[in-house]
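Structure data follow from structure.tsv (TSV, N, CA and C atoms):
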chain	number	residue	atom	x	y	z
A	27	MET	N	-1.96	7.29	17.65
A	27	MET	CA	-1.94	5.96	17.06
A	27	MET	C	-1.20	5.02	18.00
A	28	SER	N	-1.68	3.81	18.11
A	28	SER	CA	-1.03	2.85	18.99
A	28	SER	C	0.22	2.25	18.34
A	29	GLU	N	1.03	1.66	19.16
A	29	GLU	CA	2.26	1.00	18.72
A	29	GLU	C	1.93	-0.18	17.80
A	30	THR	N	2.68	-0.33	16.71
A	30	THR	CA	2.48	-1.46	15.79
A	30	THR	C	3.82	-2.13	15.53
A	31	ILE	N	3.76	-3.28	14.90
A	31	ILE	CA	4.99	-3.97	14.51
A	31	ILE	C	5.81	-3.08	13.58
A	32	PHE	N	5.15	-2.26	12.76
A	32	PHE	CA	5.88	-1.38	11.85
A	32	PHE	C	6.63	-0.29	12.61
A	33	SER	N	6.08	0.19	13.71
A	33	SER	CA	6.80	1.17	14.54
A	33	SER	C	8.11	0.57	15.02
A	34	LYS	N	8.07	-0.68	15.43
A	34	LYS	CA	9.27	-1.37	15.91
A	34	LYS	C	10.26	-1.63	14.79
A	35	ILE	N	9.77	-1.93	13.60
A	35	ILE	CA	10.65	-2.13	12.44
A	35	ILE	C	11.34	-0.82	12.09
A	36	ILE	N	10.58	0.28	12.07
A	36	ILE	CA	11.16	1.60	11.76
A	36	ILE	C	12.28	1.94	12.73
A	37	ARG	N	12.07	1.64	14.01
A	37	ARG	CA	13.09	1.94	15.03
A	37	ARG	C	14.24	0.93	15.04
A	38	GLY	N	14.14	-0.13	14.27
A	38	GLY	CA	15.19	-1.14	14.22
A	38	GLY	C	15.12	-2.16	15.32
A	39	GLU	N	14.01	-2.21	16.06
A	39	GLU	CA	13.85	-3.16	17.16
A	39	GLU	C	13.49	-4.56	16.64
A	40	ILE	N	12.93	-4.63	15.46
A	40	ILE	CA	12.59	-5.89	14.81
A	40	ILE	C	13.29	-5.86	13.46
A	41	PRO	N	14.02	-6.92	13.11
A	41	PRO	CA	14.73	-6.91	11.83
A	41	PRO	C	13.78	-7.05	10.64
A	42	CYS	N	14.26	-6.59	9.50
A	42	CYS	CA	13.51	-6.76	8.26
A	42	CYS	C	14.51	-6.81	7.11
A	43	HIS	N	14.05	-7.23	5.96
A	43	HIS	CA	14.87	-7.23	4.75
A	43	HIS	C	14.58	-5.92	4.01
A	44	ARG	N	15.35	-4.87	4.36
A	44	ARG	CA	15.15	-3.54	3.79
A	44	ARG	C	15.54	-3.53	2.32
A	45	VAL	N	14.70	-2.88	1.52
A	45	VAL	CA	15.02	-2.72	0.10
A	45	VAL	C	15.12	-1.25	-0.29
A	46	TYR	N	14.58	-0.35	0.55
A	46	TYR	CA	14.64	1.09	0.27
A	46	TYR	C	14.40	1.84	1.57
A	47	GLU	N	15.09	2.96	1.73
A	47	GLU	CA	14.84	3.81	2.89
A	47	GLU	C	15.30	5.22	2.56
A	48	ASP	N	14.50	6.20	3.00
A	48	ASP	CA	14.90	7.60	2.97
A	48	ASP	C	14.40	8.25	4.26
A	49	GLY	N	14.39	9.54	4.34
A	49	GLY	CA	14.01	10.21	5.57
A	49	GLY	C	12.56	10.04	5.96
A	50	HIS	N	11.70	9.68	5.00
A	50	HIS	CA	10.26	9.60	5.26
A	50	HIS	C	9.66	8.22	5.09
A	51	VAL	N	10.37	7.31	4.42
A	51	VAL	CA	9.79	6.04	3.98
A	51	VAL	C	10.75	4.88	4.21
A	52	LEU	N	10.18	3.72	4.48
A	52	LEU	CA	10.93	2.48	4.58
A	52	LEU	C	10.20	1.42	3.76
A	53	ALA	N	10.95	0.63	2.99
A	53	ALA	CA	10.37	-0.48	2.23
A	53	ALA	C	11.14	-1.75	2.56
A	54	PHE	N	10.41	-2.85	2.70
A	54	PHE	CA	11.02	-4.12	3.08
A	54	PHE	C	10.16	-5.27	2.58
A	55	LEU	N	10.76	-6.46	2.50
A	55	LEU	CA	10.01	-7.63	2.07
A	55	LEU	C	8.97	-8.02	3.10
A	56	ASP	N	7.79	-8.41	2.62
A	56	ASP	CA	6.71	-8.89	3.49
A	56	ASP	C	7.11	-10.26	4.05
A	57	ILE	N	6.90	-10.47	5.35
A	57	ILE	CA	7.27	-11.76	5.95
A	57	ILE	C	6.26	-12.87	5.64
A	58	ASN	N	5.10	-12.50	5.12
A	58	ASN	CA	4.09	-13.47	4.68
A	58	ASN	C	3.71	-13.17	3.23
A	59	PRO	N	4.65	-13.34	2.31
A	59	PRO	CA	4.42	-12.89	0.94
A	59	PRO	C	3.40	-13.72	0.18
A	60	LEU	N	2.68	-13.03	-0.70
A	60	LEU	CA	1.77	-13.71	-1.62
A	60	LEU	C	2.53	-14.22	-2.84
A	61	SER	N	3.71	-13.64	-3.09
A	61	SER	CA	4.55	-14.07	-4.21
A	61	SER	C	5.98	-13.58	-3.96
A	62	ARG	N	6.91	-14.11	-4.76
A	62	ARG	CA	8.32	-13.72	-4.64
A	62	ARG	C	8.47	-12.23	-4.95
A	63	GLY	N	9.08	-11.49	-4.03
A	63	GLY	CA	9.29	-10.06	-4.20
A	63	GLY	C	8.22	-9.18	-3.57
A	64	HIS	N	7.21	-9.79	-2.93
A	64	HIS	CA	6.14	-9.02	-2.27
A	64	HIS	C	6.78	-8.06	-1.27
A	65	THR	N	6.60	-6.79	-1.48
A	65	THR	CA	7.27	-5.74	-0.71
A	65	THR	C	6.27	-4.79	-0.08
A	66	LEU	N	6.57	-4.34	1.13
A	66	LEU	CA	5.76	-3.33	1.81
A	66	LEU	C	6.49	-2.00	1.77
A	67	VAL	N	5.74	-0.93	1.54
A	67	VAL	CA	6.29	0.43	1.55
A	67	VAL	C	5.49	1.20	2.59
A	68	ILE	N	6.19	1.71	3.63
A	68	ILE	CA	5.50	2.37	4.74
A	68	ILE	C	6.08	3.75	5.00
A	69	PRO	N	5.23	4.68	5.46
A	69	PRO	CA	5.77	5.97	5.88
A	69	PRO	C	6.36	5.84	7.27
A	70	LYS	N	7.34	6.66	7.56
A	70	LYS	CA	7.89	6.69	8.92
A	70	LYS	C	6.96	7.46	9.86
A	71	GLN	N	6.09	8.30	9.29
A	71	GLN	CA	5.09	8.98	10.11
A	71	GLN	C	4.09	7.95	10.62
A	72	ALA	N	3.78	8.00	11.89
A	72	ALA	CA	2.79	7.10	12.48
A	72	ALA	C	1.40	7.59	12.10
A	73	ALA	N	0.72	6.84	11.25
A	73	ALA	CA	-0.66	7.14	10.85
A	73	ALA	C	-1.30	5.82	10.47
A	74	ALA	N	-2.54	5.64	10.89
A	74	ALA	CA	-3.23	4.39	10.62
A	74	ALA	C	-3.78	4.33	9.20
A	75	GLN	N	-4.27	5.46	8.68
A	75	GLN	CA	-4.92	5.48	7.37
A	75	GLN	C	-4.38	6.62	6.51
A	76	VAL	N	-4.49	6.47	5.21
A	76	VAL	CA	-3.91	7.42	4.25
A	76	VAL	C	-4.36	8.85	4.50
A	77	HIS	N	-5.64	9.05	4.80
A	77	HIS	CA	-6.13	10.42	4.97
A	77	HIS	C	-5.55	11.11	6.21
A	78	GLU	N	-4.88	10.37	7.07
A	78	GLU	CA	-4.26	10.93	8.27
A	78	GLU	C	-2.82	11.39	8.05
A	79	LEU	N	-2.25	11.08	6.90
A	79	LEU	CA	-0.86	11.47	6.61
A	79	LEU	C	-0.74	12.96	6.33
A	80	THR	N	0.40	13.52	6.65
A	80	THR	CA	0.68	14.89	6.22
A	80	THR	C	0.90	14.85	4.71
A	81	GLU	N	0.75	16.00	4.07
A	81	GLU	CA	0.98	16.05	2.62
A	81	GLU	C	2.43	15.69	2.29
A	82	GLU	N	3.35	16.10	3.13
A	82	GLU	CA	4.76	15.79	2.90
A	82	GLU	C	5.00	14.28	2.96
A	83	ALA	N	4.44	13.62	3.97
A	83	ALA	CA	4.61	12.17	4.10
A	83	ALA	C	3.93	11.43	2.95
A	84	ALA	N	2.75	11.90	2.55
A	84	ALA	CA	2.02	11.26	1.45
A	84	ALA	C	2.79	11.39	0.13
A	85	ALA	N	3.37	12.57	-0.11
A	85	ALA	CA	4.13	12.78	-1.34
A	85	ALA	C	5.37	11.89	-1.37
A	86	ALA	N	6.06	11.81	-0.25
A	86	ALA	CA	7.26	10.96	-0.16
A	86	ALA	C	6.88	9.50	-0.37
A	87	LEU	N	5.77	9.09	0.19
A	87	LEU	CA	5.30	7.71	0.04
A	87	LEU	C	4.96	7.42	-1.42
A	88	GLY	N	4.29	8.34	-2.08
A	88	GLY	CA	3.95	8.17	-3.49
A	88	GLY	C	5.19	8.02	-4.36
A	89	ARG	N	6.19	8.85	-4.12
A	89	ARG	CA	7.45	8.74	-4.87
A	89	ARG	C	8.11	7.38	-4.62
A	90	ALA	N	8.14	6.97	-3.36
A	90	ALA	CA	8.81	5.72	-3.00
A	90	ALA	C	8.08	4.51	-3.58
A	91	VAL	N	6.76	4.52	-3.61
A	91	VAL	CA	6.01	3.39	-4.18
A	91	VAL	C	6.42	3.20	-5.65
A	92	THR	N	6.56	4.30	-6.37
A	92	THR	CA	6.97	4.21	-7.78
A	92	THR	C	8.39	3.66	-7.90
A	93	LEU	N	9.32	4.18	-7.10
A	93	LEU	CA	10.71	3.71	-7.15
A	93	LEU	C	10.81	2.23	-6.79
A	94	VAL	N	10.12	1.82	-5.76
A	94	VAL	CA	10.18	0.43	-5.31
A	94	VAL	C	9.50	-0.49	-6.32
A	95	ALA	N	8.39	-0.05	-6.91
A	95	ALA	CA	7.72	-0.88	-7.93
A	95	ALA	C	8.67	-1.13	-9.10
A	96	ARG	N	9.38	-0.10	-9.54
A	96	ARG	CA	10.35	-0.29	-10.62
A	96	ARG	C	11.42	-1.31	-10.22
A	97	ALA	N	11.89	-1.20	-8.99
A	97	ALA	CA	12.94	-2.10	-8.51
A	97	ALA	C	12.42	-3.54	-8.41
A	98	VAL	N	11.18	-3.71	-7.96
A	98	VAL	CA	10.59	-5.06	-7.86
A	98	VAL	C	10.46	-5.68	-9.25
A	99	VAL	N	9.99	-4.91	-10.21
A	99	VAL	CA	9.86	-5.42	-11.58
A	99	VAL	C	11.23	-5.81	-12.13
A	100	ARG	N	12.22	-4.94	-11.93
A	100	ARG	CA	13.58	-5.22	-12.42
A	100	ARG	C	14.16	-6.47	-11.76
A	101	ALA	N	13.97	-6.60	-10.45
A	101	ALA	CA	14.57	-7.71	-9.71
A	101	ALA	C	13.89	-9.04	-9.95
A	102	THR	N	12.57	-9.03	-10.10
A	102	THR	CA	11.82	-10.28	-10.21
A	102	THR	C	11.52	-10.68	-11.64
A	103	GLY	N	11.53	-9.72	-12.55
A	103	GLY	CA	11.15	-10.00	-13.92
A	103	GLY	C	9.66	-10.20	-14.11
A	104	CYS	N	8.87	-9.87	-13.11
A	104	CYS	CA	7.42	-10.04	-13.24
A	104	CYS	C	6.89	-9.11	-14.35
A	105	ALA	N	5.89	-9.60	-15.05
A	105	ALA	CA	5.28	-8.81	-16.12
A	105	ALA	C	4.10	-7.99	-15.61
A	106	ALA	N	3.61	-8.35	-14.43
A	106	ALA	CA	2.45	-7.66	-13.86
A	106	ALA	C	2.60	-7.63	-12.34
A	107	TYR	N	1.93	-6.68	-11.72
A	107	TYR	CA	1.95	-6.60	-10.26
A	107	TYR	C	0.75	-5.78	-9.80
A	108	ASN	N	0.39	-5.98	-8.53
A	108	ASN	CA	-0.66	-5.19	-7.89
A	108	ASN	C	-0.04	-4.27	-6.87
A	109	VAL	N	-0.61	-3.08	-6.74
A	109	VAL	CA	-0.29	-2.18	-5.63
A	109	VAL	C	-1.58	-2.12	-4.81
A	110	LEU	N	-1.47	-2.55	-3.56
A	110	LEU	CA	-2.64	-2.67	-2.70
A	110	LEU	C	-2.44	-1.83	-1.44
A	111	GLN	N	-3.48	-1.10	-1.06
A	111	GLN	CA	-3.43	-0.32	0.17
A	111	GLN	C	-4.82	-0.34	0.79
A	112	ASN	N	-4.93	-0.79	2.04
A	112	ASN	CA	-6.21	-0.91	2.74
A	112	ASN	C	-6.28	0.10	3.88
A	113	ASN	N	-7.47	0.63	4.14
A	113	ASN	CA	-7.67	1.59	5.22
A	113	ASN	C	-8.79	1.14	6.14
A	114	GLY	N	-8.43	0.68	7.33
A	114	GLY	CA	-9.39	0.25	8.32
A	114	GLY	C	-9.64	-1.25	8.29
A	115	ALA	N	-10.03	-1.78	9.44
A	115	ALA	CA	-10.27	-3.21	9.57
A	115	ALA	C	-11.34	-3.70	8.60
A	116	GLY	N	-12.36	-2.87	8.35
A	116	GLY	CA	-13.43	-3.25	7.42
A	116	GLY	C	-12.95	-3.39	5.99
A	117	ALA	N	-11.78	-2.80	5.69
A	117	ALA	CA	-11.18	-2.90	4.36
A	117	ALA	C	-10.01	-3.88	4.36
A	118	HIS	N	-9.96	-4.74	5.37
A	118	HIS	CA	-8.96	-5.81	5.49
A	118	HIS	C	-7.57	-5.32	5.89
A	119	GLN	N	-7.48	-4.16	6.53
A	119	GLN	CA	-6.17	-3.69	7.03
A	119	GLN	C	-5.86	-4.46	8.31
A	120	ALA	N	-4.72	-5.13	8.33
A	120	ALA	CA	-4.34	-5.95	9.49
A	120	ALA	C	-3.40	-5.20	10.43
A	121	VAL	N	-2.48	-4.42	9.90
A	121	VAL	CA	-1.57	-3.61	10.72
A	121	VAL	C	-2.02	-2.16	10.59
A	122	MET	N	-2.37	-1.55	11.69
A	122	MET	CA	-2.93	-0.20	11.66
A	122	MET	C	-1.85	0.88	11.57
A	123	HIS	N	-1.07	0.78	10.52
A	123	HIS	CA	-0.05	1.75	10.13
A	123	HIS	C	-0.11	1.75	8.61
A	124	VAL	N	-0.23	2.92	8.00
A	124	VAL	CA	-0.33	2.99	6.55
A	124	VAL	C	0.75	2.14	5.91
A	125	HIS	N	0.37	1.34	4.92
A	125	HIS	CA	1.35	0.58	4.16
A	125	HIS	C	0.78	0.19	2.80
A	126	TYR	N	1.67	0.20	1.83
A	126	TYR	CA	1.34	-0.23	0.48
A	126	TYR	C	2.03	-1.56	0.23
A	127	HIS	N	1.30	-2.47	-0.39
A	127	HIS	CA	1.85	-3.75	-0.82
A	127	HIS	C	2.17	-3.63	-2.31
A	128	ILE	N	3.35	-4.05	-2.71
A	128	ILE	CA	3.67	-4.24	-4.12
A	128	ILE	C	3.80	-5.74	-4.29
A	129	ILE	N	2.86	-6.32	-5.05
A	129	ILE	CA	2.72	-7.77	-5.11
A	129	ILE	C	2.89	-8.25	-6.55
A	130	PRO	N	4.06	-8.82	-6.88
A	130	PRO	CA	4.25	-9.35	-8.22
A	130	PRO	C	3.25	-10.46	-8.53
A	131	LYS	N	2.82	-10.50	-9.77
A	131	LYS	CA	1.91	-11.55	-10.26
A	131	LYS	C	2.67	-12.38	-11.28
A	132	TYR	N	2.61	-13.71	-11.14
A	132	TYR	CA	3.37	-14.60	-12.01
A	132	TYR	C	2.44	-15.55	-12.76
A	133	ALA	N	2.97	-16.14	-13.83
A	133	ALA	CA	2.21	-17.06	-14.68
A	133	ALA	C	1.70	-18.28	-13.91
A	134	ASP	N	2.40	-18.66	-12.83
A	134	ASP	CA	1.95	-19.82	-12.05
A	134	ASP	C	0.75	-19.50	-11.15
A	135	GLY	N	0.28	-18.25	-11.21
A	135	GLY	CA	-0.89	-17.84	-10.43
A	135	GLY	C	-0.55	-17.21	-9.10
A	136	SER	N	0.73	-17.25	-8.68
A	136	SER	CA	1.08	-16.64	-7.40
A	136	SER	C	0.95	-15.12	-7.52
A	137	GLY	N	0.62	-14.53	-6.42
A	137	GLY	CA	0.36	-13.10	-6.37
A	137	GLY	C	-1.01	-12.87	-5.76
A	138	LEU	N	-1.55	-11.70	-5.97
A	138	LEU	CA	-2.85	-11.35	-5.40
A	138	LEU	C	-3.96	-11.91	-6.26
A	139	GLY	N	-4.90	-12.60	-5.62
A	139	GLY	CA	-6.09	-13.10	-6.31
A	139	GLY	C	-7.29	-12.34	-5.78
A	140	ILE	N	-8.01	-11.69	-6.66
A	140	ILE	CA	-9.17	-10.92	-6.22
A	140	ILE	C	-10.37	-11.21	-7.11
A	141	VAL	N	-11.54	-10.96	-6.57
A	141	VAL	CA	-12.77	-11.01	-7.34
A	141	VAL	C	-13.32	-9.59	-7.34
A	142	TRP	N	-13.47	-9.02	-8.52
A	142	TRP	CA	-13.94	-7.64	-8.66
A	142	TRP	C	-15.41	-7.70	-9.05
A	143	ARG	N	-16.24	-7.09	-8.25
A	143	ARG	CA	-17.69	-7.11	-8.50
A	143	ARG	C	-18.17	-5.69	-8.77
A	144	PRO	N	-17.97	-5.19	-9.97
A	144	PRO	CA	-18.37	-3.81	-10.25
A	144	PRO	C	-19.88	-3.64	-10.26
A	145	GLY	N	-20.30	-2.47	-9.84
A	145	GLY	CA	-21.71	-2.12	-9.89
A	145	GLY	C	-21.90	-1.00	-10.90
A	146	LYS	N	-22.99	-0.27	-10.77
A	146	LYS	CA	-23.26	0.89	-11.62
A	146	LYS	C	-22.91	2.13	-10.83
A	147	LEU	N	-22.53	3.19	-11.51
A	147	LEU	CA	-22.11	4.42	-10.85
A	147	LEU	C	-23.16	4.92	-9.87
A	148	ALA	N	-24.41	5.04	-10.31
A	148	ALA	CA	-25.45	5.52	-9.41
A	148	ALA	C	-26.81	5.21	-10.01
A	149	GLU	N	-27.81	5.24	-9.15
A	149	GLU	CA	-29.19	5.10	-9.61
A	149	GLU	C	-29.65	6.46	-10.10
A	150	GLY	N	-29.26	6.81	-11.28
A	150	GLY	CA	-29.66	8.10	-11.84
A	150	GLY	C	-28.52	9.08	-11.81
A	151	GLU	N	-28.48	9.93	-12.82
A	151	GLU	CA	-27.39	10.89	-12.98
A	151	GLU	C	-27.34	11.92	-11.85
A	152	LYS	N	-28.48	12.30	-11.31
A	152	LYS	CA	-28.52	13.31	-10.26
A	152	LYS	C	-27.73	12.87	-9.03
A	153	LEU	N	-27.89	11.63	-8.61
A	153	LEU	CA	-27.17	11.11	-7.45
A	153	LEU	C	-25.66	11.12	-7.69
A	154	ALA	N	-25.23	10.73	-8.88
A	154	ALA	CA	-23.80	10.74	-9.21
A	154	ALA	C	-23.26	12.15	-9.11
A	155	ARG	N	-23.98	13.14	-9.64
A	155	ARG	CA	-23.53	14.54	-9.55
A	155	ARG	C	-23.45	14.99	-8.10
A	156	GLU	N	-24.41	14.58	-7.27
A	156	GLU	CA	-24.41	14.96	-5.85
A	156	GLU	C	-23.20	14.40	-5.13
A	157	VAL	N	-22.92	13.12	-5.35
A	157	VAL	CA	-21.77	12.48	-4.68
A	157	VAL	C	-20.46	13.13	-5.16
A	158	ALA	N	-20.34	13.33	-6.46
A	158	ALA	CA	-19.13	13.97	-7.00
A	158	ALA	C	-18.97	15.36	-6.41
A	159	GLY	N	-20.05	16.10	-6.27
A	159	GLY	CA	-19.99	17.43	-5.68
A	159	GLY	C	-19.57	17.40	-4.22
A	160	GLN	N	-20.05	16.41	-3.47
A	160	GLN	CA	-19.67	16.27	-2.07
A	160	GLN	C	-18.20	15.91	-1.92
A	161	ILE	N	-17.71	15.03	-2.77
A	161	ILE	CA	-16.30	14.64	-2.72
A	161	ILE	C	-15.41	15.79	-3.14
A	162	GLY	N	-15.83	16.54	-4.15
A	162	GLY	CA	-15.03	17.62	-4.70
A	162	GLY	C	-14.98	18.89	-3.89
A	163	ARG	N	-15.61	18.93	-2.74
A	163	ARG	CA	-15.60	20.14	-1.90
A	163	ARG	C	-14.24	20.43	-1.37

Whole structure given in structure tokens:
Amino acid sequence: MSETIFSKIIRGEIPCHRVYEDGHVLAFLDINPLSRGHTLVIPKQAAAQVHELTEEAAAALGRAVTLVARAVVRATGCAAYNVLQNNGAGAHQAVMHVHYHIIPKYADGSGLGIVWRPGKLAEGEKLAREVAGQIGR
């Protein structure tokens, strides 16, 4: 994986507003927040996408996302929030280092704004079973 701004933050070469840190994870305020309290949670393992993480790093990241989300809710008083994680440029990932966004949503509309365009599971039950079988291998 190539060097990213997050690699430099982890090493302390670039300052950040740290809110949580353990041996595997670092969490800090986003410098371009969508709302007050917008926080990033990143693994210290260098990996561009979630499927590239070790199980140990992924488990630590999952625990930390929960802890940090609780802290963001407590600190901001937000009633709702989004947890966002993108994998790859085609999925709008800007920094190629795994990271989760915890984005508080407020009554004034600040926070993540998305348009959800759901489709149908599959064109026929057979295709859905085939895809589920392929994923479940």

Practice prompt. Tell me, in Å to one decimal, how far atom CA of A:Pro130 is from atom CA of A:His118.
Written response: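 Distance reported for this atom pair: 19.4 Å.
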
Practice prompt. Find the distance between atom CA of A:Ala133 and atom N of A:Gly103 and write it in Å to one decimal.
Written response: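 Separation between atom CA of A:Ala133 and atom N of A:Gly103: 12.1 Å.
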
Item to complete: Step by step: start from the point (1.1, -9.8, -8.5) in the file's coordinates, keep every protein, DNA or RNA residue that has an atom no farther than 8 Å from it, count only N, CA and C atoms, and write the set as a PyMOL selection string.
Response: chain A and resi 60-61+104-109+128-132+135-139

Item to complete: Quick one: pull the distance between atom CA of A:Ala90 and atom CA of A:His50, Å, one decimal.
Response: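 Between atom CA of A:Ala90 and atom CA of A:His50 the gap is 9.2 Å.
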
Worksheet item: Counting all atoms listed in the file, which of A:Val124, A:Ala115, A:Ile40, A:Ile35 gets nearest to A:Pro69?
Response: A:Val124

Practice prompt. Give the answer as one residue: which of A:Val91, A:Ala85, A:His127, A:Asn112 has the shortest atom-to-atom distance to A:Leu66, using only N, CA and C atoms?
Written response: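 Closest residue, counting only N, CA and C atoms: A:His127.
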
Worksheet item: So which one's closest to A:Ala53, A:Thr30, A:Gln75, A:Tyr126, A:Glu39? Using only C-alpha atoms, please.
Response: A:Tyr126
